[in-house]
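Since the structure comes first, as structure tokens, the remarks are kept for the end.
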Amino acid sequence: ALGDDDLLHQGAYTDWADSVSRVGKVLYTNVLYWKALHDFADVAGKYGYDEDVDQFSAKALRVKAAVNDEFWREDLGYFITSAQFELLNSDGNLLAVSWGLASTEQSHAILDGLNRLSMADPVPTQVTDQLYGSKYIAIENRLGGIPHYHTLAAWLWLGGWHVVALARMGRLKEAKIVLDRIHKLIVREGVVHEVFGSDGRPLKSFWYSSEAPLTWSAGVIVFAHSCYQRELARLG
């Protein structure tokens with residue numbers, strides 16, 4: 001639901017990290033909301049709906065300001081996940097960098113933090129830098145032996161956005177390292193897997209095996225490769 005503070009408020013288990021009880025104002029959801037408003041304004045302009053351009057542009061600016069006020073922590077150097085969870089979550093942070101919500105200074109601070117915490121090693125890219133706490137994890141995941149599914153596990157679609165974010169900020173050497181790491185994993189496994197454990201292997205427990213092939217991750221990886229090549233050509 002949209003609050004009076006220009007941000008979306010959500011219930012538990014309602015975003016992509018649906019094994020985690022992330023309640024209220026969550027970074028990931030609100031970065032998506034800002035991007036939708038931003039793109040609505042862009043599309044309206046292309047088709048001559050000038051009043052809609054003004055409306056959606058103004059909303060996008062308010063949401064951007066609200067996201068910064070609510071989530072940015074200068075002392076930490078990243079956007080926190082929520083007031084409930086002051087941890088580094090790669091989902092909203094990488095999208096904020098890739099789409100330009102984050103400033104240049106914020107973007108480099110976020111990417112430096114991900115690098116410092118080795119969140120793209122061995123698999124790009126780990127979801128969070130720390131655990132939420134077991135009481136916030138769905139009982140199905142705890143019983144299934146994968147409580148870290150949306151925390152310390154790594155997802156290749158996040159790795160793809162990591163490449164996009166690095167390329168957008170001109171950090172092409174780092175982008176190539178992350179992209180090469182993704183390519184080697186796909187070649188090794190012979191397929192694009194859903195999610196990997198901290199051992200660098202597809203996540204697996206007695207009750208669960210990583211889904212493959214996963215078109216979500218495959219599509220983002222193709223997009224990331226295109227973004228990297230485009231920036232390489234532009235800067236080269």
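Each chain in the structure tokens gets a letter, A, B and so on, in the order shown; residues start at 1 in every chain, and ligands are counted from 1 in the order they appear.
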DSSP alpha helix (DSSP H) residues within stretch 20-204 of chain A, as JSON, numbers by chain: {"A": [27, 28, 29, 30, 31, 32, 33, 34, 35, 36, 37, 38, 39, 40, 41, 42, 43, 44, 45, 46, 50, 51, 52, 53, 54, 55, 56, 57, 58, 59, 60, 61, 62, 63, 64, 65, 66, 67, 68, 69, 70, 71, 90, 91, 92, 93, 94, 95, 96, 97, 98, 99, 104, 105, 106, 107, 108, 109, 110, 111, 112, 113, 114, 115, 116, 139, 140, 141, 142, 143, 156, 157, 158, 159, 160, 161, 162, 163, 164, 165, 166, 167, 168, 172, 173, 174, 175, 176, 177, 178, 179, 180, 181, 182, 183, 184, 185, 186, 187, 188, 189]}
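For A:Leu117, the non-local neighbours within 12 Å, defined as residues at least 4 positions apart in the same chain or in other chains and counting only C-alpha atoms, are A:Leu87, A:Leu88, A:Asn89, A:Ser90, A:Ile110, A:Leu111, A:Asp112, A:Gly113, A:Asp121, A:Pro122, A:Thr125, A:Gln126, A:Val127, A:Thr128, A:Asp129, A:Gln130, A:Leu152.
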Please, could you write that set of residues out with all heavy atoms as a compact mmCIF listing (two decimals), in the first residue's frame?
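What ended up in result_2.txt:
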# COMPACT_ATOMS: atom_id res chain seq x y z
N LEU A 87 20.87 -4.01 7.19
CA LEU A 87 21.92 -4.81 6.57
C LEU A 87 22.04 -4.45 5.10
O LEU A 87 21.16 -3.81 4.52
CB LEU A 87 21.65 -6.31 6.76
CG LEU A 87 20.23 -6.85 6.51
CD1 LEU A 87 19.93 -6.97 5.04
CD2 LEU A 87 20.07 -8.21 7.20
N LEU A 88 23.16 -4.85 4.49
CA LEU A 88 23.40 -4.58 3.08
C LEU A 88 22.75 -5.67 2.25
O LEU A 88 23.17 -6.83 2.29
CB LEU A 88 24.90 -4.52 2.80
CG LEU A 88 25.33 -4.43 1.33
CD1 LEU A 88 24.67 -3.25 0.64
CD2 LEU A 88 26.84 -4.33 1.22
N ASN A 89 21.71 -5.31 1.53
CA ASN A 89 21.02 -6.24 0.65
C ASN A 89 21.37 -5.86 -0.78
O ASN A 89 21.18 -4.71 -1.19
CB ASN A 89 19.51 -6.15 0.89
CG ASN A 89 18.80 -7.42 0.54
OD1 ASN A 89 18.88 -7.87 -0.59
ND2 ASN A 89 18.11 -8.01 1.51
N SER A 90 21.88 -6.82 -1.55
CA SER A 90 22.34 -6.49 -2.90
C SER A 90 21.21 -6.15 -3.84
O SER A 90 21.42 -5.41 -4.81
CB SER A 90 23.18 -7.64 -3.45
OG SER A 90 22.42 -8.83 -3.56
N ILE A 110 28.51 1.88 -2.48
CA ILE A 110 27.80 0.59 -2.48
C ILE A 110 28.66 -0.49 -3.11
O ILE A 110 28.82 -1.59 -2.56
CB ILE A 110 26.46 0.73 -3.23
CG1 ILE A 110 25.48 1.58 -2.43
CG2 ILE A 110 25.86 -0.65 -3.52
CD1 ILE A 110 24.29 2.07 -3.24
N LEU A 111 29.22 -0.20 -4.28
CA LEU A 111 30.04 -1.20 -4.98
C LEU A 111 31.30 -1.53 -4.19
O LEU A 111 31.74 -2.69 -4.15
CB LEU A 111 30.39 -0.69 -6.38
CG LEU A 111 29.19 -0.56 -7.33
CD1 LEU A 111 29.61 0.17 -8.61
CD2 LEU A 111 28.61 -1.93 -7.65
N ASP A 112 31.89 -0.53 -3.54
CA ASP A 112 33.05 -0.78 -2.69
C ASP A 112 32.68 -1.69 -1.52
O ASP A 112 33.46 -2.58 -1.14
CB ASP A 112 33.61 0.54 -2.13
CG ASP A 112 34.31 1.38 -3.20
OD1 ASP A 112 34.62 0.84 -4.28
OD2 ASP A 112 34.51 2.59 -2.94
N GLY A 113 31.48 -1.47 -0.95
CA GLY A 113 31.04 -2.30 0.16
C GLY A 113 30.81 -3.74 -0.25
O GLY A 113 31.22 -4.68 0.46
N ASP A 121 31.89 -13.40 -4.46
CA ASP A 121 32.90 -14.45 -4.41
C ASP A 121 32.46 -15.54 -3.42
O ASP A 121 32.20 -15.23 -2.25
CB ASP A 121 34.23 -13.84 -3.97
CG ASP A 121 35.38 -14.83 -4.00
OD1 ASP A 121 35.21 -15.93 -4.58
OD2 ASP A 121 36.45 -14.52 -3.44
N PRO A 122 32.34 -16.80 -3.85
CA PRO A 122 32.72 -17.35 -5.15
C PRO A 122 31.67 -17.22 -6.24
O PRO A 122 31.98 -17.38 -7.41
CB PRO A 122 32.96 -18.83 -4.83
CG PRO A 122 31.98 -19.12 -3.74
CD PRO A 122 31.94 -17.88 -2.91
N THR A 125 25.62 -13.08 -7.17
CA THR A 125 26.06 -12.28 -6.05
C THR A 125 25.22 -12.66 -4.84
O THR A 125 24.02 -12.90 -4.96
CB THR A 125 25.93 -10.77 -6.36
OG1 THR A 125 26.89 -10.43 -7.37
CG2 THR A 125 26.15 -9.88 -5.16
N GLN A 126 25.85 -12.65 -3.68
CA GLN A 126 25.19 -12.98 -2.41
C GLN A 126 24.09 -11.97 -2.13
O GLN A 126 24.22 -10.79 -2.42
CB GLN A 126 26.24 -12.95 -1.32
CG GLN A 126 25.83 -13.48 0.03
CD GLN A 126 27.02 -13.50 0.97
OE1 GLN A 126 28.07 -14.03 0.64
NE2 GLN A 126 26.86 -12.89 2.14
N VAL A 127 22.99 -12.43 -1.53
CA VAL A 127 21.83 -11.56 -1.31
C VAL A 127 22.10 -10.53 -0.22
O VAL A 127 21.87 -9.33 -0.41
CB VAL A 127 20.57 -12.37 -0.96
CG1 VAL A 127 19.35 -11.45 -0.87
CG2 VAL A 127 20.32 -13.47 -1.99
N THR A 128 22.56 -10.97 0.94
CA THR A 128 22.80 -10.06 2.06
C THR A 128 24.18 -10.30 2.65
O THR A 128 24.81 -11.34 2.41
CB THR A 128 21.76 -10.25 3.18
OG1 THR A 128 21.88 -11.58 3.70
CG2 THR A 128 20.34 -10.05 2.67
N ASP A 129 24.64 -9.35 3.44
CA ASP A 129 25.94 -9.51 4.08
C ASP A 129 25.84 -10.21 5.43
O ASP A 129 26.85 -10.55 6.03
CB ASP A 129 26.62 -8.15 4.26
CG ASP A 129 25.92 -7.26 5.30
OD1 ASP A 129 24.66 -7.28 5.32
OD2 ASP A 129 26.61 -6.57 6.06
N GLN A 130 24.60 -10.40 5.91
CA GLN A 130 24.40 -11.06 7.20
C GLN A 130 23.00 -11.66 7.25
O GLN A 130 22.16 -11.37 6.39
CB GLN A 130 24.60 -10.08 8.35
CG GLN A 130 23.72 -8.84 8.26
CD GLN A 130 24.07 -7.78 9.28
OE1 GLN A 130 23.84 -7.96 10.45
NE2 GLN A 130 24.62 -6.66 8.81
N LEU A 152 22.38 -15.51 2.72
CA LEU A 152 23.78 -15.73 2.38
C LEU A 152 23.98 -16.54 1.12
O LEU A 152 25.12 -16.72 0.66
CB LEU A 152 24.50 -16.40 3.55
CG LEU A 152 24.44 -15.64 4.88
CD1 LEU A 152 25.31 -16.34 5.93
CD2 LEU A 152 24.86 -14.18 4.72
Gap from atom CA of A:Ser210 to atom CA of A:His193 - Å, one decimal: 6.5 Å
Which residue of A:Lys204, A:Arg188, A:Lys173, A:Arg168 approaches A:Ala224 most closely, using only C-alpha atoms: A:Arg168
Spatial neighbours of stretch 31-37 of chain A, 8 Å, only C-alpha atoms, chain gap at least 3 places, as a list in words: Leu8, Leu27, Tyr28, Phe40, Ala41, Phe56, Ser57, Lys59, Ala60, Val63, Lys64, Val67, Gly92, Leu95, Ala96, Trp99 and Leu101 of chain A
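Every protein or nucleic acid residue with an atom no more than 12 Å from A:Asn141, counting only C-alpha atoms and leaving out same-chain residues fewer than 2 positions away, appears here: Ala17, Asp18, Ser19, Val20, Ser134, Lys135, Tyr136, Ile137, Ala138, Ile139, Leu143, Gly144, Gly145, Ile146, Pro147, His148, Tyr149, His150, Thr151, Lys204, Ser205, Phe206, Trp207 and Tyr208 of chain A.
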Residues within 7 Å of A:Arg22, only C-alpha atoms, excluding chain neighbours under 4 positions, as a PyMOL selection string: chain A and resi 12-13+26
So that I have them on file, write out the residues from the current selection with N, CA, C and O atoms, as a CSV table (one decimal), in the first residue's frame.
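This went into out11.csv:
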chain,number,residue,atom,x,y,z
A,12,ALA,N,4.3,-9.1,5.1
A,12,ALA,CA,5.4,-10.2,5.2
A,12,ALA,C,5.4,-11.1,4.0
A,12,ALA,O,4.3,-11.4,3.4
A,13,TYR,N,6.5,-11.5,3.5
A,13,TYR,CA,6.7,-12.5,2.5
A,13,TYR,C,6.1,-12.1,1.2
A,13,TYR,O,5.5,-12.9,0.4
A,26,VAL,N,10.3,-1.3,2.4
A,26,VAL,CA,11.5,-2.1,2.1
A,26,VAL,C,12.2,-1.5,0.8
A,26,VAL,O,11.5,-1.0,-0.1
Length of the atom CA of A:Ala212 to atom CA of A:Val195 vector [Å]: 9.1 Å
